[in-house]
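Text of entry32.txt, listed as compact mmCIF, C-alpha atoms:
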# COMPACT_ATOMS: atom_id res chain seq x y z
CA MET A 1 -11.03 66.40 -30.51
CA LYS A 2 -7.47 67.44 -29.82
CA HIS A 3 -5.86 70.10 -27.74
CA VAL A 4 -3.88 71.83 -30.43
CA HIS A 5 -0.31 71.54 -29.21
CA ASN A 6 -0.06 68.96 -26.49
CA ASP A 7 -2.54 66.52 -28.02
CA SER A 8 -4.45 66.06 -24.79
CA GLU A 9 -8.10 65.64 -25.43
CA VAL A 10 -10.49 68.57 -25.15
CA VAL A 11 -13.68 67.53 -23.48
CA CYS A 12 -17.07 68.96 -24.37
CA VAL A 13 -19.91 68.63 -21.87
CA THR A 14 -23.55 69.65 -21.71
CA PRO A 15 -24.76 72.45 -19.39
CA ASP A 16 -26.74 70.06 -17.19
CA LEU A 17 -23.68 68.06 -16.11
CA SER A 18 -23.25 68.25 -12.33
CA ILE A 19 -20.25 70.09 -10.95
CA ARG A 20 -19.20 66.82 -9.26
CA GLU A 21 -19.02 65.13 -12.65
CA ALA A 22 -17.25 68.16 -14.09
CA ALA A 23 -14.58 68.02 -11.36
CA ALA A 24 -14.26 64.25 -11.77
CA THR A 25 -13.75 64.65 -15.51
CA MET A 26 -11.08 67.30 -15.01
CA LYS A 27 -9.25 65.12 -12.50
CA GLU A 28 -9.48 61.97 -14.59
CA ARG A 29 -8.23 63.68 -17.76
CA GLY A 30 -5.72 65.92 -16.04
CA ILE A 31 -7.23 69.05 -17.58
CA GLY A 32 -8.29 72.39 -16.17
CA SER A 33 -11.22 73.30 -18.39
CA LEU A 34 -14.27 71.89 -20.13
CA VAL A 35 -16.03 73.38 -23.14
CA VAL A 36 -19.80 73.49 -22.60
CA ILE A 37 -21.89 72.95 -25.76
CA ASP A 38 -25.59 73.49 -26.42
CA GLY A 39 -28.00 71.04 -28.08
CA ASP A 40 -26.76 72.05 -31.53
CA GLY A 41 -23.14 71.39 -30.59
CA ASN A 42 -22.19 75.07 -30.52
CA VAL A 43 -20.03 76.55 -27.78
CA SER A 44 -22.21 77.98 -25.03
CA GLY A 45 -19.59 78.32 -22.30
CA ILE A 46 -16.33 77.26 -20.78
CA VAL A 47 -15.75 76.15 -17.20
CA THR A 48 -12.36 76.00 -15.52
CA ASP A 49 -11.19 74.55 -12.22
CA ARG A 50 -10.86 78.12 -10.96
CA ASP A 51 -14.48 78.86 -11.98
CA LEU A 52 -15.59 75.84 -9.95
CA CYS A 53 -13.53 77.10 -7.00
CA LEU A 54 -14.84 80.66 -7.02
CA ARG A 55 -18.42 80.01 -8.14
CA ALA A 56 -19.24 76.72 -6.43
CA VAL A 57 -16.79 75.77 -3.65
CA ARG A 58 -16.76 79.32 -2.31
CA TRP A 59 -20.54 79.26 -1.83
CA ASP A 60 -20.70 75.66 -0.67
CA ARG A 61 -22.82 74.56 -3.63
CA ASP A 62 -24.12 71.00 -3.58
CA PRO A 63 -21.87 68.98 -5.91
CA ASP A 64 -24.73 66.84 -7.17
CA GLU A 65 -27.52 69.39 -7.40
CA THR A 66 -25.55 72.15 -9.11
CA PRO A 67 -25.27 72.02 -12.91
CA VAL A 68 -22.09 73.16 -14.61
CA SER A 69 -24.10 75.95 -16.28
CA LYS A 70 -24.19 77.72 -12.89
CA ALA A 71 -20.40 77.91 -12.75
CA MET A 72 -19.42 78.38 -16.39
CA THR A 73 -18.39 81.54 -18.19
CA THR A 74 -20.88 82.22 -20.96
CA ASP A 75 -19.22 85.16 -22.67
CA VAL A 76 -16.75 82.98 -24.57
CA ARG A 77 -14.78 84.25 -27.51
CA THR A 78 -13.85 81.58 -30.02
CA LEU A 79 -11.52 81.59 -33.00
CA SER A 80 -11.45 79.66 -36.23
CA ALA A 81 -9.38 76.49 -36.17
CA ASP A 82 -7.13 77.98 -38.85
CA SER A 83 -6.51 81.24 -36.97
CA THR A 84 -2.88 82.25 -36.64
CA ARG A 85 -0.61 82.35 -33.61
CA ASP A 86 -0.91 86.15 -33.58
CA ASP A 87 -4.72 85.91 -33.69
CA GLN A 88 -4.77 83.49 -30.79
CA ILE A 89 -2.23 85.18 -28.56
CA GLY A 90 -3.73 88.57 -29.42
CA LEU A 91 -7.19 87.48 -28.29
CA MET A 92 -5.85 85.94 -25.07
CA ARG A 93 -4.07 89.17 -24.35
CA ARG A 94 -7.00 91.48 -25.14
CA MET A 95 -9.54 89.41 -23.25
CA GLY A 96 -7.24 88.34 -20.42
CA VAL A 97 -8.09 84.66 -20.91
CA ARG A 98 -5.82 81.64 -20.77
CA ARG A 99 -7.85 79.43 -23.08
CA VAL A 100 -9.66 79.94 -26.37
CA PRO A 101 -11.91 77.30 -27.99
CA LEU A 102 -11.21 76.81 -31.70
CA VAL A 103 -14.24 76.17 -33.89
CA ASP A 104 -14.91 74.92 -37.41
CA GLY A 105 -16.86 76.83 -40.08
CA THR A 106 -20.18 75.96 -38.47
CA GLY A 107 -19.14 77.02 -34.96
CA LYS A 108 -18.55 73.53 -33.58
CA PRO A 109 -15.57 73.25 -31.23
CA VAL A 110 -12.66 71.33 -32.72
CA GLY A 111 -9.89 72.24 -30.29
CA LEU A 112 -8.73 74.43 -27.48
CA ILE A 113 -5.62 76.59 -27.41
CA SER A 114 -4.13 77.74 -24.14
CA VAL A 115 -1.50 80.15 -22.89
CA ASP A 116 0.48 77.10 -21.74
CA ASP A 117 0.48 75.65 -25.27
CA TRP A 118 1.97 78.80 -26.75
CA LEU A 119 4.30 79.17 -23.80
CA ARG A 120 5.81 75.73 -24.43
CA TRP A 121 6.04 76.49 -28.15
CA THR A 122 7.74 79.81 -27.44
CA ALA A 123 10.19 78.25 -24.98
CA THR A 124 11.23 75.69 -27.59
CA ARG A 125 11.74 78.35 -30.28
CA LEU A 126 13.68 80.56 -27.87
CA HIS A 127 15.92 77.65 -26.99
CA GLU A 128 16.58 77.05 -30.69
CA VAL A 129 17.30 80.71 -31.37
CA ALA A 130 19.60 80.97 -28.34
CA SER A 131 21.44 77.82 -29.49
CA THR A 132 22.38 79.40 -32.81
CA SER A 133 24.54 81.93 -30.97
CA ASP A 134 26.36 79.27 -28.96
CA PRO A 135 29.76 78.70 -30.68
CA ALA A 136 30.11 75.17 -29.37
CA LEU A 137 26.81 74.16 -30.92
CA ARG A 138 27.41 76.04 -34.16
CA HIS A 139 30.91 74.75 -34.87
CA GLY A 140 31.13 71.72 -32.66
CA PRO A 141 33.33 71.75 -29.56
CA LEU A 142 36.35 74.02 -29.85
CA ARG A 143 39.29 71.89 -31.01
CA ALA A 144 42.98 71.96 -30.25
CA PRO A 145 45.04 73.99 -32.78
CA GLY A 146 47.16 70.90 -33.61
CA ASP A 147 44.04 69.00 -34.61
CA LEU A 148 42.95 71.88 -36.81
CA LEU A 149 46.33 71.82 -38.59
CA ASP A 150 45.98 68.06 -39.12
CA ASP A 151 42.61 68.75 -40.72
CA LEU A 152 44.10 71.41 -42.96
CA GLU A 153 46.87 69.09 -44.08
CA ARG A 154 44.42 66.32 -44.94
CA HIS A 155 42.24 68.80 -46.74
CA LEU A 156 45.19 69.94 -48.88
CA GLU A 157 46.12 66.37 -49.73
CA ARG A 158 42.60 65.57 -50.82
CA GLN A 159 42.41 68.72 -52.89
CA MET A 160 45.63 67.87 -54.72
CA GLU A 161 44.46 64.31 -55.38
CA ALA A 162 41.16 65.57 -56.69
CA ARG A 163 42.95 68.02 -58.94
CA GLU A 164 45.19 65.30 -60.36
CA GLU A 165 42.17 63.15 -61.14
CA ASP A 166 40.28 66.02 -62.75
CA PRO A 167 40.85 65.87 -66.55
CA LEU A 168 39.61 69.44 -67.08
CA GLN A 169 41.89 70.84 -64.40
CA THR A 170 39.24 73.37 -63.44
CA ARG A 171 39.99 73.34 -59.73
CA THR A 172 41.67 76.28 -58.11
CA VAL A 173 45.42 75.89 -58.13
CA VAL A 174 46.83 76.04 -54.64
CA ASP A 175 50.48 76.41 -53.84
CA ARG A 176 50.57 73.20 -51.87
CA ASP A 177 54.19 73.38 -50.91
CA ALA A 178 53.90 76.93 -49.59
CA LEU A 179 50.88 75.98 -47.50
CA LEU A 180 52.52 72.85 -46.09
CA ASP A 181 55.51 74.97 -45.21
CA ALA A 182 53.25 77.44 -43.40
CA ILE A 183 51.62 74.59 -41.49
CA ALA A 184 55.04 73.24 -40.47
CA LYS A 185 56.05 76.68 -39.20
CA LEU A 186 52.81 77.02 -37.21
CA ARG A 187 53.42 73.63 -35.62
CA ALA A 188 56.98 74.61 -34.74
CA GLY A 189 55.74 77.86 -33.23
CA MET A 190 53.14 76.02 -31.16
CA THR A 191 55.76 73.57 -29.91
CA GLY A 192 58.08 76.47 -29.11
CA THR A 193 55.54 78.13 -26.86
CA THR A 194 54.52 75.06 -24.92
CA MET B 195 27.46 83.59 -15.96
CA GLN B 196 26.31 85.18 -12.77
CA ASP B 197 22.60 84.77 -12.26
CA PRO B 198 21.26 88.27 -12.87
CA ALA B 199 18.08 87.38 -11.05
CA ALA B 200 19.82 86.66 -7.72
CA GLY B 201 18.11 88.53 -4.93
CA ASP B 202 15.14 89.45 -7.10
CA LEU B 203 12.95 86.65 -5.87
CA LEU B 204 10.99 88.68 -3.36
CA ALA B 205 10.38 91.41 -5.93
CA LEU B 206 8.59 88.84 -8.10
CA ALA B 207 6.76 87.07 -5.30
CA THR B 208 3.21 87.74 -4.20
CA ARG B 209 2.31 88.66 -0.64
CA PRO B 210 1.20 85.44 0.99
CA VAL B 211 -2.42 84.82 1.86
CA THR B 212 -2.72 82.47 4.82
CA ILE B 213 -5.53 80.49 6.35
CA ASP B 214 -5.72 78.34 9.46
CA ALA B 215 -5.77 74.58 8.92
CA ALA B 216 -9.12 74.31 10.70
CA ALA B 217 -10.89 76.68 8.25
CA SER B 218 -13.37 75.34 5.69
CA VAL B 219 -12.54 74.89 2.01
CA ALA B 220 -15.27 77.47 1.30
CA ALA B 221 -13.41 80.00 3.45
CA ALA B 222 -10.19 79.24 1.54
CA ALA B 223 -12.01 79.70 -1.78
CA GLN B 224 -13.44 82.97 -0.46
CA ALA B 225 -9.92 84.17 0.41
CA MET B 226 -8.66 83.25 -3.07
CA GLY B 227 -11.51 85.16 -4.69
CA GLU B 228 -11.07 88.26 -2.54
CA LYS B 229 -7.28 88.38 -2.79
CA HIS B 230 -7.12 87.28 -6.45
CA VAL B 231 -4.65 84.50 -5.79
CA GLY B 232 -4.56 80.89 -6.91
CA SER B 233 -3.22 79.45 -3.68
CA VAL B 234 -3.22 80.07 0.04
CA VAL B 235 -0.68 78.99 2.63
CA VAL B 236 -2.19 76.78 5.33
CA THR B 237 -0.96 77.45 8.87
CA GLU B 238 -1.05 75.68 12.22
CA ASP B 239 -0.29 77.89 15.23
CA GLU B 240 0.57 80.54 12.64
CA ARG B 241 3.39 78.40 11.22
CA PRO B 242 3.10 77.48 7.52
CA VAL B 243 2.51 73.74 7.15
CA GLY B 244 1.28 73.41 3.58
CA LEU B 245 -0.18 75.07 0.53
CA VAL B 246 -3.55 74.63 -1.12
CA THR B 247 -4.51 75.61 -4.68
CA ASP B 248 -7.87 76.48 -6.20
CA ARG B 249 -7.82 73.12 -7.97
CA ASP B 250 -7.11 71.28 -4.69
CA LEU B 251 -10.20 72.92 -3.15
CA VAL B 252 -12.37 71.92 -6.12
CA MET B 253 -11.31 68.28 -5.97
CA ALA B 254 -11.64 68.06 -2.16
CA SER B 255 -14.99 69.78 -2.00
CA LEU B 256 -16.81 68.54 -5.12
CA LEU B 257 -15.49 64.97 -5.07
CA ARG B 258 -16.19 64.34 -1.36
CA PRO B 259 -18.36 61.33 -0.54
CA LYS B 260 -22.06 62.02 -1.09
CA GLY B 261 -23.82 63.36 1.97
CA SER B 262 -20.59 64.29 3.76
CA GLU B 263 -19.36 67.73 4.75
CA PRO B 264 -16.37 69.26 2.95
CA PRO B 265 -13.09 68.60 4.80
CA PRO B 266 -11.20 71.38 6.60
CA VAL B 267 -8.51 72.99 4.50
CA GLY B 268 -5.77 71.42 6.66
CA GLU B 269 -6.73 68.00 5.27
CA VAL B 270 -6.56 69.25 1.70
CA ALA B 271 -3.24 71.07 1.76
CA SER B 272 -0.14 69.71 0.09
CA ARG B 273 2.45 69.01 2.75
CA PRO B 274 5.22 69.63 3.62
CA PHE B 275 5.28 73.34 2.89
CA LEU B 276 7.68 73.68 -0.06
CA HIS B 277 9.70 76.85 0.15
CA VAL B 278 12.92 78.65 -0.70
CA MET B 279 14.79 81.22 1.38
CA SER B 280 14.25 84.85 0.51
CA GLY B 281 17.89 85.15 -0.66
CA ALA B 282 17.44 82.33 -3.18
CA THR B 283 17.48 82.95 -6.90
CA VAL B 284 14.67 82.62 -9.39
CA VAL B 285 16.51 79.58 -10.75
CA ASP B 286 16.46 77.98 -7.27
CA ALA B 287 12.72 78.55 -7.17
CA THR B 288 11.99 77.20 -10.65
CA ASN B 289 14.25 74.18 -10.02
CA MET B 290 12.21 73.37 -6.94
CA MET B 291 8.93 73.79 -8.85
CA GLU B 292 10.21 71.52 -11.58
CA HIS B 293 11.51 68.92 -9.14
CA HIS B 294 8.22 68.73 -7.24
CA CYS B 295 5.94 69.32 -10.26
CA VAL B 296 4.25 72.31 -8.60
CA ARG B 297 3.60 75.83 -9.84
CA ARG B 298 3.79 77.67 -6.52
CA ILE B 299 6.15 77.61 -3.54
CA GLY B 300 6.62 79.73 -0.44
CA VAL B 301 9.39 82.23 0.28
CA VAL B 302 10.67 82.29 3.86
CA ASP B 303 13.12 84.65 5.57
CA ALA B 304 16.05 83.68 7.80
CA SER B 305 13.84 83.58 10.91
CA GLY B 306 11.49 81.13 9.21
CA ALA B 307 8.75 83.72 8.73
CA LEU B 308 6.66 83.45 5.58
CA VAL B 309 7.31 86.48 3.36
CA GLY B 310 5.87 85.51 -0.01
CA VAL B 311 4.60 82.96 -2.49
CA ILE B 312 6.31 82.69 -5.86
CA SER B 313 4.39 81.13 -8.75
CA ALA B 314 5.35 79.94 -12.21
CA ASP B 315 3.17 82.80 -13.49
CA ASP B 316 5.25 85.34 -11.51
CA VAL B 317 8.38 83.98 -13.19
CA LEU B 318 6.70 84.06 -16.61
CA LEU B 319 5.77 87.73 -16.16
CA ALA B 320 9.38 88.56 -15.24
CA MET B 321 10.73 86.59 -18.22
CA GLY B 322 8.22 88.39 -20.45
CA ARG B 323 9.57 91.74 -19.35
CA SER B 324 13.15 90.60 -20.03
CA LEU B 325 12.24 89.29 -23.48
CA GLU B 326 10.36 92.47 -24.30
CA GLY B 327 13.45 94.47 -23.34
CA LEU B 328 15.74 92.29 -25.48
CA ALA B 329 13.37 92.40 -28.46
CA GLY B 330 13.12 96.17 -28.06
CA ALA B 331 16.91 96.52 -28.15
CA VAL B 332 17.15 94.46 -31.35
CA ALA B 333 14.30 96.35 -33.01
CA ARG B 334 15.87 99.68 -32.10
CA GLU B 335 19.28 98.65 -33.39
CA PHE B 336 17.75 97.78 -36.76
CA ALA B 337 15.78 101.02 -36.81
CA GLU B 338 18.89 103.09 -36.11
CA GLU B 339 20.87 101.26 -38.77
CA ILE B 340 18.20 102.07 -41.35
CA ASP B 341 17.77 105.65 -40.17
CA PRO B 342 20.63 106.91 -37.96
CA THR B 343 18.64 110.08 -37.18
CA SER B 344 15.76 108.10 -35.72
CA SER B 345 17.23 108.37 -32.26
CA THR B 346 19.15 111.08 -30.48
CA THR B 347 21.55 108.66 -28.85
CA SER B 348 23.43 106.13 -30.94
CA SER B 349 23.83 102.71 -29.47
CA TYR B 350 27.41 102.77 -30.78
CA GLY B 351 28.35 105.94 -28.90
CA PRO B 352 29.54 109.19 -30.47
CA GLU B 353 31.16 108.81 -33.90
Written form, structure tokens:
Amino acid sequence: MKHVHNDSEVVCVTPDLSIREAAATMKERGIGSLVVIDGDGNVSGIVTDRDLCLRAVRWDRDPDETPVSKAMTTDVRTLSADSTRDDQIGLMRRMGVRRVPLVDGTGKPVGLISVDDWLRWTATRLHEVASTSDPALRHGPLRAPGDLLDDLERHLERQMEAREEDPLQTRTVVDRDALLDAIAKLRAGMTGTT
Amino acid sequence: MQDPAAGDLLALATRPVTIDAAASVAAAAQAMGEKHVGSVVVTEDERPVGLVTDRDLVMASLLRPKGSEPPPVGEVASRPFLHVMSGATVVDATNMMEHHCVRRIGVVDASGALVGVISADDVLLAMGRSLEGLAGAVAREFAEEIDPTSSTTSSYGPE
């Protein structure tokens, strides 16, 4: 079973697991929640590290005598594994939850989506969108005008060669001499100002 | 570009909840539940010495050796107390979080007094408001281009 975006494993446990074992599992796997499943494999609850803090540590519950069912949240909303980003974020927002188990057609958990997953996804997309408005990334680093004129000259040469090799002569006719003259004047102007 | 968030750090931060290092982990969990926070600042002689999260309390309390009592919160806290000055920027705060792989740090004033705790969630909420504002501006510009009468004030000024 995979956590949808970061590929860390989602762990399902049974309601009779002790809260000590639940905490140990969270620590070992580096996760903050466990999906609790009933005998049929359907989602019956979810327990987070915060649930354990507020429902067990706060009341000094015995780590070995307290089952995870005493600390879990039972009113769990799930979504289909093929639900959309809008479905998932919408449910998190409406219910004020950070994690939503994703289930298959028979209600068995197949994944878990979290606020953090969508946050990382969003940050990456935002970075990409912001990059498109950065001139240096869009056009490469800004280049010296002299280099740009060199490019233009080479481009003209190649165009003329291509035209001479083209038997149908379909390429646009450019006034090469006039353009080279313009380039020479630009270079002279640049030299004059520096 | 000037950091537009400079000086805003305290506005984003949460009022700190503190607990003495000798208190029990249960008392710290109680404070987190009552104050709806995910961390408390641990103090010795009323000076902040560390910070403890809900997850820290869970691991310390539930994974303690069988038959033993839970440790006092002072033994559980992450030390030293990571903090930024109240005049720091949001970027200073997030850089520190990133550097130390933590989601919460303290905010301290010039006299060394604890004035807040800033969390990654606090920053996220602020970023969300900024993004919402930017998205709203784009949406409105499109709407006005399609229907210039849709708003009384043009974003391009009087024509």
Listing only residues of chain A within 7 Å of chain B, what is the closest atom pair and its distance in Å (to one decimal) for each, using all atoms listed in the file, sorted by chain and residue number ascending, as CSV?
residue,atom,partner,partner_atom,distance
A:Ile19,CA,B:Leu256,CA,6.9
A:Arg20,CA,B:Leu256,CA,5.1
A:Ala23,CA,B:Met253,CA,6.3
A:Ala24,CA,B:Leu257,CA,6.8
A:Asp49,CA,B:Arg249,CA,5.6
A:Arg50,CA,B:Asp248,CA,5.9
A:Leu52,CA,B:Val252,CA,6.4
A:Cys53,CA,B:Val252,CA,5.4
A:Leu54,CA,B:Ala223,CA,6.0
A:Val57,CA,B:Ala220,CA,5.5
A:Arg58,CA,B:Ala220,CA,4.3
A:Trp59,CA,B:Ala220,CA,6.4
A:Asp60,CA,B:Ala220,CA,6.1
A:Pro63,CA,B:Leu256,CA,5.1
Note to self: Give me, as a PyMOL selection string, all polymer residues having an atom no more than 10 Å from Gly41 in chain A, counting all atoms listed in the file and skipping those fewer than 5 positions away in the same chain.
What the structure shows: chain A and resi 12-14+36+106-109
Margin query: I'd like to know which of A:Ile113, A:Leu152, A:Leu17, A:Val43 is closest to Ala184 in chain A, using only C-alpha atoms.
Written below: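 Looking at the shortest contact to Ala184 in chain A, the residue is A:Leu152.
With distances restricted to only C-alpha atoms, A:Thr48 is the closest residue to Val100 in chain A from A:Thr66, A:Ser131, A:Thr48, A:Thr25.
Atom pair CA of Arg323 in chain B / CA of Leu206 in chain B has a distance of 11.7 Å (rounded to one decimal).
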Just add N, CA and C atoms to range 266-291 of chain B and send it as an mmCIF file, in the frame of the given file.
data_model
loop_
_atom_site.group_PDB
_atom_site.id
_atom_site.type_symbol
_atom_site.label_atom_id
_atom_site.label_comp_id
_atom_site.auth_asym_id
_atom_site.auth_seq_id
_atom_site.Cartn_x
_atom_site.Cartn_y
_atom_site.Cartn_z
ATOM 1 N N PRO B 266 -11.901 70.116 6.314
ATOM 2 C CA PRO B 266 -11.200 71.380 6.600
ATOM 3 C C PRO B 266 -9.983 71.504 5.684
ATOM 4 N N VAL B 267 -9.554 72.727 5.483
ATOM 5 C CA VAL B 267 -8.510 72.990 4.500
ATOM 6 C C VAL B 267 -7.181 72.320 4.896
ATOM 7 N N GLY B 268 -6.981 72.085 6.200
ATOM 8 C CA GLY B 268 -5.770 71.420 6.660
ATOM 9 C C GLY B 268 -5.634 70.006 6.111
ATOM 10 N N GLU B 269 -6.770 69.364 5.811
ATOM 11 C CA GLU B 269 -6.730 68.000 5.270
ATOM 12 C C GLU B 269 -6.490 67.988 3.767
ATOM 13 N N VAL B 270 -6.642 69.149 3.150
ATOM 14 C CA VAL B 270 -6.560 69.250 1.700
ATOM 15 C C VAL B 270 -5.177 69.707 1.249
ATOM 16 N N ALA B 271 -4.491 70.424 2.139
ATOM 17 C CA ALA B 271 -3.240 71.070 1.760
ATOM 18 C C ALA B 271 -2.162 70.070 1.367
ATOM 19 N N SER B 272 -1.323 70.491 0.426
ATOM 20 C CA SER B 272 -0.140 69.710 0.090
ATOM 21 C C SER B 272 0.916 69.961 1.149
ATOM 22 N N ARG B 273 1.412 68.898 1.727
ATOM 23 C CA ARG B 273 2.450 69.010 2.750
ATOM 24 C C ARG B 273 3.656 68.169 2.320
ATOM 25 N N PRO B 274 4.866 68.480 2.777
ATOM 26 C CA PRO B 274 5.220 69.630 3.620
ATOM 27 C C PRO B 274 5.139 70.929 2.820
ATOM 28 N N PHE B 275 5.316 72.022 3.519
ATOM 29 C CA PHE B 275 5.280 73.340 2.890
ATOM 30 C C PHE B 275 6.575 73.549 2.105
ATOM 31 N N LEU B 276 6.489 73.504 0.786
ATOM 32 C CA LEU B 276 7.680 73.680 -0.060
ATOM 33 C C LEU B 276 8.028 75.167 -0.105
ATOM 34 N N HIS B 277 9.311 75.445 0.130
ATOM 35 C CA HIS B 277 9.700 76.850 0.150
ATOM 36 C C HIS B 277 11.167 77.034 -0.181
ATOM 37 N N VAL B 278 11.516 78.251 -0.547
ATOM 38 C CA VAL B 278 12.920 78.650 -0.700
ATOM 39 C C VAL B 278 13.160 79.820 0.247
ATOM 40 N N MET B 279 14.445 80.072 0.529
ATOM 41 C CA MET B 279 14.790 81.220 1.380
ATOM 42 C C MET B 279 14.698 82.494 0.547
ATOM 43 N N SER B 280 14.472 83.604 1.228
ATOM 44 C CA SER B 280 14.250 84.850 0.510
ATOM 45 C C SER B 280 15.484 85.303 -0.276
ATOM 46 N N GLY B 281 16.689 84.799 0.098
ATOM 47 C CA GLY B 281 17.890 85.150 -0.660
ATOM 48 C C GLY B 281 18.137 84.240 -1.854
ATOM 49 N N ALA B 282 17.251 83.277 -2.068
ATOM 50 C CA ALA B 282 17.440 82.330 -3.180
ATOM 51 C C ALA B 282 17.229 83.037 -4.511
ATOM 52 N N THR B 283 17.654 82.366 -5.567
ATOM 53 C CA THR B 283 17.480 82.950 -6.900
ATOM 54 C C THR B 283 16.198 82.432 -7.541
ATOM 55 N N VAL B 284 15.826 83.077 -8.619
ATOM 56 C CA VAL B 284 14.670 82.620 -9.390
ATOM 57 C C VAL B 284 14.916 81.200 -9.900
ATOM 58 N N VAL B 285 16.177 80.932 -10.255
ATOM 59 C CA VAL B 285 16.510 79.580 -10.750
ATOM 60 C C VAL B 285 16.316 78.548 -9.640
ATOM 61 N N ASP B 286 16.714 78.892 -8.396
ATOM 62 C CA ASP B 286 16.460 77.980 -7.270
ATOM 63 C C ASP B 286 14.968 77.666 -7.173
ATOM 64 N N ALA B 287 14.169 78.716 -7.317
ATOM 65 C CA ALA B 287 12.720 78.550 -7.170
ATOM 66 C C ALA B 287 12.145 77.696 -8.293
ATOM 67 N N THR B 288 12.553 77.977 -9.533
ATOM 68 C CA THR B 288 11.990 77.200 -10.650
ATOM 69 C C THR B 288 12.499 75.754 -10.617
ATOM 70 N N ASN B 289 13.745 75.558 -10.153
ATOM 71 C CA ASN B 289 14.250 74.180 -10.020
ATOM 72 C C ASN B 289 13.386 73.399 -9.036
ATOM 73 N N MET B 290 13.028 74.056 -7.934
ATOM 74 C CA MET B 290 12.210 73.370 -6.940
ATOM 75 C C MET B 290 10.819 73.061 -7.503
ATOM 76 N N MET B 291 10.248 74.038 -8.226
ATOM 77 C CA MET B 291 8.930 73.790 -8.850
ATOM 78 C C MET B 291 9.002 72.602 -9.792
#
